[in-house]
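Taking it in order: structure first as structure tokens, then the write-up.
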Amino acid sequence: MTASTGEGHHRHPRQAQVDPLAARRASTDPPWDVYLTGTVFLDIIFTGLDSAPVRGTESWARGMGSSPGGVANMAAALARLGLRTSLAAAFGDDHYGEYCWDTLEQGEGIDLTASRTVPGWHSPVTVSMAYEGERTMVSHGHEPPPEEAAPASPPHARAAVASLVPGKRAPWIAQAASRGTRVFADVGWDDTGAWDLAGLPDLEHCEAFLPNAQEAMRYTGSGCPRAAARALTEYVPLAVVTLGAEGAYAVDGRTGETAEVPAIAVEALDPTGAGDVFVAGFVTGTLADWPLADRLAFAGLTAALSVQEFGGSLSAPGWSEVAEWWRRVQSAEGQNPEALRRYAFLDDLLPTQEATPWPRLRAVPTIGFGRSA
């Protein structure tokens with residue numbers, strides 16, 4: 001089974017507005033479904049490279065895209081799945097910062113009340129080169145001034161997504177958890193080499209932890225990612241380990257439930273942000289109270305769809321892309337019936353026809369053209 005939708009990369013699909021939490025909303029709900037904070041980058045992505053750049057030579061890429069990156073990848077992925085998303089971030093007061101702000105607020109409907117523009121601070125930039133299914137990145141940026149830190153008291157939300165940093169606490173995580181916010185956490189590579197779970201003190205406030213296989217095995221000392229996931233449930237209620245081409249495995253330590261779902265075969269254009277899209281899909285399914293296996297399948301599907309477009313934030317799929325994929329794979333010849341059954345839960349989620357469609361933004365080769373009227 002593949003994830004291709006058959007859409008050209010320069011088309012702007014139209015999105016059906018779907019609220020995955022509609023059946024669970026009440027007047028007493030917090031104003032936001034998900035809160036997150038972090039650094040927004042301006043991403044410039046080159047694709048279509050035959051190989052890694054060679055020292056002393058010039059390489060020409062067959063494709064290029066620009067889009068908001070960094071924490072914007074996760075924010076856009078959540079918003080495109082219908083979750084009311086609040087983002088706290090610093091934005092430069094340059095054209096890059098203005099572009100990222102407008103794209104996220106006006107284009108994606110993300111609430112930026114907790115964000116701010118920092119005078120005299122330039123936007124961080126990442127140049128990403130995708131080739132052979134991998135990517136190489138070069139980034140430049142400076143920390144915003146200390147007075148521009150994220151709000152001391154995060155807005156009330158059903159859930160929050162946090163990126164844990166070894167050896168550092170983020171006070172907002174404990175504050176959010178104390179108000180009933182369900183915290184989902186991932187983690188980056190531990191450059192210190194310690195790989196000590198005690199160095200992730202905020203893990204105690206998290207409901208779910210979503211590392212990749214290498215991270216999970218290093219943190220637990222396990223020789224197998226599935227054993228690592230089970231070991232992690234001693235520290236966090238729900239452990240989800242991504243297995244790359246093998247899919248993902250999850251263990252709920254509260255119930256003992258486990259689930260494993262294989263990855264969807266896909267021809268990747270740009271893997272930027274795929275991990276963020278996976279987390280967004282899993283958060284969506286968790287807040288909607290789906291079975292564990294359905295959450296994993298949906299997260300993997302959204303990540304697979306995202307790598308077929310340029311950029312991280314603007315490659316994230318919405319419900320129209322999910323619906324189009326489901327329609328196509330059911331009508332394609334030679335599909336594995338068992339694989340189709342794995343995604344049959346989509347039948348009850350997807351609209352029979354598009355409602356209130358709106359243009360889907362995609363990464364563009366350059367920015368700065370005049371706004372259309």
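Identifiers for the structure tokens are assigned positionally: chains receive A, B, ... in sequence, residues are indexed from 1 per chain, and ligands are indexed from 1 in the order shown.
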
Checklist entry - DSSP on the backbone: what in range 202-324 of chain A comes out alpha helix (DSSP H), as JSON, numbers by chain? => result {"A": [213, 214, 215, 216, 217, 218, 219, 220, 225, 226, 227, 228, 229, 230, 231, 232, 274, 275, 276, 277, 278, 279, 280, 281, 282, 283, 284, 285, 286, 287, 292, 293, 294, 295, 296, 297, 298, 299, 300, 301, 302, 303, 304, 305, 306, 319, 320, 321, 322, 323, 324]}

Next on the checklist: When you look at Ser306 in chain A with a cut-off of 6 Å (counting only C-alpha atoms), what residues show up, excluding the ones that are within fewer than 6 positions of it in the same chain? I need them as a list of chain:residue names.
Outcome noted: A:Ser315, A:Ala316, A:Pro317

Write out, as a tab-separated table (two decimals), in the first residue's frame, the residues just selected, with all heavy atoms.
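Saved as again15.tsv:
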```tsv
chain	number	residue	atom	x	y	z
A	315	SER	N	3.85	21.16	4.18
A	315	SER	CA	3.66	19.83	3.59
A	315	SER	C	2.66	19.00	4.37
A	315	SER	O	2.23	17.95	3.92
A	315	SER	CB	5.00	19.08	3.54
A	315	SER	OG	5.41	18.70	4.85
A	316	ALA	N	2.30	19.46	5.56
A	316	ALA	CA	1.39	18.69	6.42
A	316	ALA	C	0.04	18.50	5.74
A	316	ALA	O	-0.52	19.44	5.18
A	316	ALA	CB	1.20	19.40	7.76
A	317	PRO	N	-0.50	17.28	5.77
A	317	PRO	CA	-1.79	17.05	5.11
A	317	PRO	C	-2.96	17.49	5.98
A	317	PRO	O	-2.86	17.56	7.20
A	317	PRO	CB	-1.80	15.52	4.93
A	317	PRO	CG	-1.02	15.03	6.11
A	317	PRO	CD	0.06	16.05	6.33
```

Next on the checklist: Under the rule that only C-alpha atoms are counted, which of A:Leu203, A:Val283, A:Ala229, A:Leu87 is the nearest residue to Pro154 in chain A?
Outcome noted: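 Result for the nearest residue to Pro154 in chain A: A:Leu87.
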